[in-house]
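Below is one structure, written out as structure tokens; the observations come after it.
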Amino acid sequence: MSILETIIIAIVEGLTEFLPVSSTGHMIITQNILGVESTEFVKAFTFIIQFGAILSVVVLYWKRFFKLNDAPVPDGATPLKRFLHKYDFYWKLFVAFIPAAVFGLLFSDMIDAMLESVAVVATTLILGGIFMLFCDKIFKNGSEKTEMTEKRAFWIGMFQCISMIPGVSRSMATIVGGMAQKLTRKKAAEFSFFLAVPTMLAATMFKMLKLFMEPDGMQILKDNACTLIVGNVVAFVVAMLAIKFFINFVTKYGFKAFGWYRIILGGVILALLLTGHNLTIA
């Protein structure tokens with residue numbers, strides 16, 4: 001994979017990681033258009049550069065991300081409850097992360113197999129787009145008074161598992177999960193961003209471990225160190241811009257525009273595939 005191809009794919013990752021359009025799906029499509037062979041390294045690369053994108057969340061929200069709960073502890077709380085109260089933010093992220101960790105370990109090979117299919121991506125883009133046209137009506141904008149609880153965090157985590165199907169979008173699944181739990185669009189989107197950090201960090205480490213355990217895994221990582229560094233840096237910068245845009249846009253206008261985008265893109269790709277055309281332009 002050339003540096004130019006690396007930069008293009010990383011730009012796509014940064015733009016789409018936090019938008020409800022599926023970053024993985026877009027990277028698979030981009031790889032096919034560029035003619036990049038789907039090697040074990042390339043599969044790992046699409047996960048590893050997500051690390052750069054999630055760092056943008058930590059930088060943009062660092063005050064909230066590293067702030068402990070300083071609210072008064074309820075009277076009569078046990079030492080465990082006092083601990084969980086203090087680290088409330090991290091505890092709820094952990095609760096939301098658990099379902100994806102379990103499903104990811106159980107179905108890792110199946111997920112990798114689906115990463116090969118542009119047709120799967122196109123189909124899920126369309127189906128997800130149709131749903132997004134109506135999700136604002138299905139899930140009325142929640143109340144600012146709605147607080148994140150362990151139960152709500154867990155159910156958002158369950159919604160996140162759906163995004164393991166390429167083309168579904170982790171962002172879309174978790175935001176819809178938050179809206180289903182009566183959170184506002186803004187609160188649901190922000191929690192989706194926060195949840196991306198442990199989820200994508202775990203996925204990155206898991207993919208690097210799998211690649212490392214390959215016969216020539218260490219050598220592959222060494223040979224492609226520059227590619228990984230460039231990909232992460234580009235994804236980080238672009239994701240910073242995308243997050244700011246998305247929060248403002250979705251708060252004002254909802255998800256309908258993203259729904260139409262998904263339907264049009266998925267429809268064009270399916271039409272090309274069904275008519276025997278190859279997406280590769282390289």
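Naming scheme: A, B, ... for chains in displayed order of the structure tokens; residues 1 onward per chain; ligands 1 onward as shown.
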- Message: Can you pull out the residues contacting Ala153 (chain A)? Cut-off 8 Å, using only C-alpha atoms, and skip same-chain residues under 5 positions away; I want them as a ChimeraX atom specification.
- Response: /A:92-93,95-96,148
Take the selection from the previous step and output its residues with C-alpha atoms, as an mmCIF file, in the first residue's frame.
```cif
data_model
loop_
_atom_site.group_PDB
_atom_site.id
_atom_site.type_symbol
_atom_site.label_atom_id
_atom_site.label_comp_id
_atom_site.auth_asym_id
_atom_site.auth_seq_id
_atom_site.Cartn_x
_atom_site.Cartn_y
_atom_site.Cartn_z
ATOM 1 C CA LYS A 92 -20.618 3.260 32.608
ATOM 2 C CA LEU A 93 -18.266 3.198 29.622
ATOM 3 C CA VAL A 95 -20.614 -1.489 31.174
ATOM 4 C CA ALA A 96 -21.402 -0.309 27.632
ATOM 5 C CA MET A 148 -27.012 8.050 31.866
#
```
- Using the chain letters and numbers from this document, which residues of region 127-176 of chain A does DSSP assign to alpha helix (DSSP H), as a PyMOL selection string? chain A and resi 127-138+150-162+170-176
Residues from the last selection, N, CA and C atoms, saved as a short mmCIF file (atom, residue, chain, number, x, y, z; two decimals), in the first residue's frame:
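Generated file (part-v2.cif):
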```cif
data_model
loop_
_atom_site.label_atom_id
_atom_site.label_comp_id
_atom_site.auth_asym_id
_atom_site.auth_seq_id
_atom_site.Cartn_x
_atom_site.Cartn_y
_atom_site.Cartn_z
N LEU A 127 -30.08 -0.42 3.88
CA LEU A 127 -31.03 -0.74 4.95
C LEU A 127 -30.90 0.25 6.11
N GLY A 128 -29.66 0.56 6.47
CA GLY A 128 -29.44 1.53 7.55
C GLY A 128 -29.92 2.91 7.15
N GLY A 129 -29.73 3.27 5.88
CA GLY A 129 -30.19 4.57 5.40
C GLY A 129 -31.70 4.71 5.46
N ILE A 130 -32.42 3.66 5.07
CA ILE A 130 -33.89 3.68 5.14
C ILE A 130 -34.34 3.88 6.58
N PHE A 131 -33.69 3.15 7.49
CA PHE A 131 -34.04 3.30 8.91
C PHE A 131 -33.80 4.73 9.39
N MET A 132 -32.69 5.33 8.96
CA MET A 132 -32.35 6.67 9.43
C MET A 132 -33.31 7.74 8.93
N LEU A 133 -34.00 7.49 7.84
CA LEU A 133 -35.00 8.44 7.37
C LEU A 133 -36.14 8.61 8.37
N PHE A 134 -36.34 7.57 9.17
CA PHE A 134 -37.49 7.59 10.09
C PHE A 134 -37.10 7.57 11.57
N CYS A 135 -35.79 7.43 11.87
CA CYS A 135 -35.41 7.24 13.28
C CYS A 135 -35.70 8.47 14.13
N ASP A 136 -35.66 9.67 13.53
CA ASP A 136 -35.98 10.87 14.31
C ASP A 136 -37.44 10.87 14.77
N LYS A 137 -38.31 10.26 13.94
CA LYS A 137 -39.72 10.17 14.32
C LYS A 137 -39.96 9.01 15.28
N ILE A 138 -39.24 7.90 15.05
CA ILE A 138 -39.40 6.73 15.91
C ILE A 138 -38.94 7.05 17.32
N GLU A 150 -26.54 2.81 34.48
CA GLU A 150 -25.88 1.57 34.09
C GLU A 150 -26.74 0.80 33.08
N LYS A 151 -28.06 0.79 33.32
CA LYS A 151 -28.96 0.06 32.42
C LYS A 151 -28.95 0.67 31.03
N ARG A 152 -29.02 2.00 30.96
CA ARG A 152 -28.98 2.67 29.65
C ARG A 152 -27.65 2.41 28.96
N ALA A 153 -26.55 2.47 29.71
CA ALA A 153 -25.23 2.22 29.14
C ALA A 153 -25.14 0.81 28.56
N PHE A 154 -25.68 -0.16 29.30
CA PHE A 154 -25.63 -1.56 28.83
C PHE A 154 -26.40 -1.72 27.53
N TRP A 155 -27.59 -1.13 27.44
CA TRP A 155 -28.39 -1.28 26.22
C TRP A 155 -27.75 -0.56 25.03
N ILE A 156 -27.09 0.55 25.28
CA ILE A 156 -26.35 1.20 24.20
C ILE A 156 -25.23 0.28 23.72
N GLY A 157 -24.59 -0.41 24.67
CA GLY A 157 -23.56 -1.39 24.33
C GLY A 157 -24.11 -2.53 23.50
N MET A 158 -25.33 -2.97 23.79
CA MET A 158 -25.96 -4.02 22.99
C MET A 158 -26.23 -3.54 21.57
N PHE A 159 -26.67 -2.30 21.43
CA PHE A 159 -26.88 -1.73 20.10
C PHE A 159 -25.56 -1.68 19.33
N GLN A 160 -24.46 -1.40 20.05
CA GLN A 160 -23.16 -1.31 19.39
C GLN A 160 -22.78 -2.62 18.71
N CYS A 161 -23.22 -3.73 19.25
CA CYS A 161 -22.88 -5.05 18.68
C CYS A 161 -23.38 -5.19 17.25
N ILE A 162 -24.50 -4.52 16.94
CA ILE A 162 -25.05 -4.60 15.58
C ILE A 162 -24.06 -4.05 14.57
N ARG A 170 -20.94 1.93 13.59
CA ARG A 170 -20.90 1.93 15.05
C ARG A 170 -21.53 3.19 15.61
N SER A 171 -21.23 4.32 14.97
CA SER A 171 -21.78 5.59 15.41
C SER A 171 -23.31 5.58 15.35
N MET A 172 -23.85 5.12 14.21
CA MET A 172 -25.31 5.08 14.07
C MET A 172 -25.94 4.18 15.11
N ALA A 173 -25.38 2.98 15.29
CA ALA A 173 -25.96 2.01 16.21
C ALA A 173 -25.99 2.54 17.63
N THR A 174 -24.89 3.15 18.08
CA THR A 174 -24.83 3.62 19.46
C THR A 174 -25.65 4.88 19.68
N ILE A 175 -25.69 5.76 18.68
CA ILE A 175 -26.51 6.96 18.82
C ILE A 175 -27.99 6.59 18.86
N VAL A 176 -28.40 5.71 17.97
CA VAL A 176 -29.79 5.24 18.00
C VAL A 176 -30.08 4.54 19.32
#
```
- Two-atom distance - CA of Ser143 (chain A), CA of Leu183 (chain A) (Å): 6.3 Å
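Among the candidates A:Phe45, A:Tyr90, A:Phe107, A:Phe245, the residue lying nearest to Met164 (chain A) is A:Phe107 (atoms considered: only C-alpha atoms).
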- Message: So that I can see what lies close to Ile9 (chain A), please list as a ChimeraX atom specification the residues with an atom at most 7 Å from it, counting only C-alpha atoms and leaving out residues fewer than 4 positions away in the same chain.
- Response: /A:5,13,27,30
Could those selected residues go to a file with C-alpha atoms, as an mmCIF file, in the first residue's frame?
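And here is the file that came out, out-v4.cif:
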```
data_model
loop_
_atom_site.group_PDB
_atom_site.id
_atom_site.type_symbol
_atom_site.label_atom_id
_atom_site.label_comp_id
_atom_site.auth_asym_id
_atom_site.auth_seq_id
_atom_site.Cartn_x
_atom_site.Cartn_y
_atom_site.Cartn_z
ATOM 1 C CA GLU A 5 -3.309 5.185 -0.727
ATOM 2 C CA GLU A 13 -11.576 6.864 8.203
ATOM 3 C CA MET A 27 -12.754 1.998 3.858
ATOM 4 C CA THR A 30 -12.212 2.887 -0.933
#
```
- Query: If you measure from CA of Val42 (chain A) to CA of Met200 (chain A), what distance in Å do you get, rounded to one decimal?
  - Reply: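 Between CA of Val42 (chain A) and CA of Met200 (chain A) the gap works out to 16.5 Å.
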- Note on the structure: CA of Ile33 (chain A) sits from CA of Phe206 (chain A) at a separation of 27.1 Å
- Residues near Leu211 (chain A), cut-off 8 Å, only C-alpha atoms, skip fewer than 6 positions along chain, as a ChimeraX atom specification: /A:40-41,44,217-218
Print the selection's residues with C-alpha atoms to a file, as a PDB file, in the first residue's frame.
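Saved result, result22.pdb, follows:
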```pdb
ATOM      1  CA  GLU A  40      -3.969  -9.570   6.502  1.00  0.00           C
ATOM      2  CA  PHE A  41      -2.069  -6.321   7.039  1.00  0.00           C
ATOM      3  CA  ALA A  44      -5.555  -4.923  10.392  1.00  0.00           C
ATOM      4  CA  GLY A 217       3.798 -10.704  11.995  1.00  0.00           C
ATOM      5  CA  MET A 218       6.568  -8.730  13.689  1.00  0.00           C
TER       6      MET A 218
END
```
- A:Ile111, A:Met240, A:Ala189, A:Ala10 ranked by distance to Leu60 (chain A), top pick (using only C-alpha atoms):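 Using only C-alpha atoms, Leu60 (chain A) sits closest to A:Met240.
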- Residues near region 47-54 of chain A, cut-off 6 Å, only C-alpha atoms, skip fewer than 2 positions along chain, as a list in words: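 Using only C-alpha atoms, the neighbours found are Gly14, Ala44, Phe45, Ser56, Val57, Val197, Thr204, Gly231, Asn232, Ala235, Phe236 and Ala239 of chain A.
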Grab the residues selected above and save them as a PDB file, in the first residue's frame with N, CA and C atoms.
```
ATOM      1  N   GLY A  14     -11.073   9.082   9.043  1.00  0.00           N
ATOM      2  CA  GLY A  14     -11.282  10.250   9.903  1.00  0.00           C
ATOM      3  C   GLY A  14     -12.612  10.931   9.661  1.00  0.00           C
ATOM      4  N   ALA A  44      -5.945  -5.454   9.092  1.00  0.00           N
ATOM      5  CA  ALA A  44      -5.555  -4.923  10.392  1.00  0.00           C
ATOM      6  C   ALA A  44      -5.417  -3.401  10.348  1.00  0.00           C
ATOM      7  N   PHE A  45      -4.916  -2.891   9.234  1.00  0.00           N
ATOM      8  CA  PHE A  45      -4.705  -1.446   9.068  1.00  0.00           C
ATOM      9  C   PHE A  45      -5.998  -0.669   9.258  1.00  0.00           C
ATOM     10  N   SER A  56      -8.740  11.725  18.875  1.00  0.00           N
ATOM     11  CA  SER A  56      -9.340  13.048  18.701  1.00  0.00           C
ATOM     12  C   SER A  56     -10.445  13.291  19.720  1.00  0.00           C
ATOM     13  N   VAL A  57     -11.150  12.223  20.121  1.00  0.00           N
ATOM     14  CA  VAL A  57     -12.184  12.352  21.146  1.00  0.00           C
ATOM     15  C   VAL A  57     -11.558  12.737  22.477  1.00  0.00           C
ATOM     16  N   VAL A 197     -13.767   5.108  22.355  1.00  0.00           N
ATOM     17  CA  VAL A 197     -12.387   5.034  22.854  1.00  0.00           C
ATOM     18  C   VAL A 197     -12.032   3.635  23.359  1.00  0.00           C
ATOM     19  N   THR A 204      -8.198  -2.338  18.125  1.00  0.00           N
ATOM     20  CA  THR A 204      -6.856  -2.093  17.602  1.00  0.00           C
ATOM     21  C   THR A 204      -5.841  -3.053  18.216  1.00  0.00           C
ATOM     22  N   GLY A 231      -1.075   6.866   8.685  1.00  0.00           N
ATOM     23  CA  GLY A 231      -2.515   6.620   8.735  1.00  0.00           C
ATOM     24  C   GLY A 231      -3.149   7.136  10.009  1.00  0.00           C
ATOM     25  N   ASN A 232      -2.512   6.908  11.145  1.00  0.00           N
ATOM     26  CA  ASN A 232      -3.053   7.358  12.424  1.00  0.00           C
ATOM     27  C   ASN A 232      -3.039   8.878  12.560  1.00  0.00           C
ATOM     28  N   ALA A 235      -5.794  10.308  10.217  1.00  0.00           N
ATOM     29  CA  ALA A 235      -7.121  10.003  10.774  1.00  0.00           C
ATOM     30  C   ALA A 235      -7.424  10.880  11.976  1.00  0.00           C
ATOM     31  N   PHE A 236      -6.412  11.137  12.811  1.00  0.00           N
ATOM     32  CA  PHE A 236      -6.572  11.983  14.000  1.00  0.00           C
ATOM     33  C   PHE A 236      -6.992  13.405  13.608  1.00  0.00           C
ATOM     34  N   ALA A 239     -10.507  13.501  11.865  1.00  0.00           N
ATOM     35  CA  ALA A 239     -11.588  13.181  12.808  1.00  0.00           C
ATOM     36  C   ALA A 239     -11.908  14.359  13.715  1.00  0.00           C
TER      37      ALA A 239
END
```
- Which residue, A:Asp70, A:Asp75, A:Glu190, A:Glu37, has the smallest gap to Ile247 (chain A) when you use only C-alpha atoms?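 Among the listed residues, the smallest separation from Ile247 (chain A) belongs to A:Glu190.
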- Item | Residue nearest Asp88 (chain A) - candidates A:Leu68, A:Val120, A:Met205, A:Leu106, atoms counted: only C-alpha atoms | A:Leu68
- Note on the structure: Min atom-atom distance to Arg64 (chain A) from the set A:Trp260, A:Phe94, A:Phe89, A:Phe255, counting only C-alpha atoms, belongs to A:Phe89
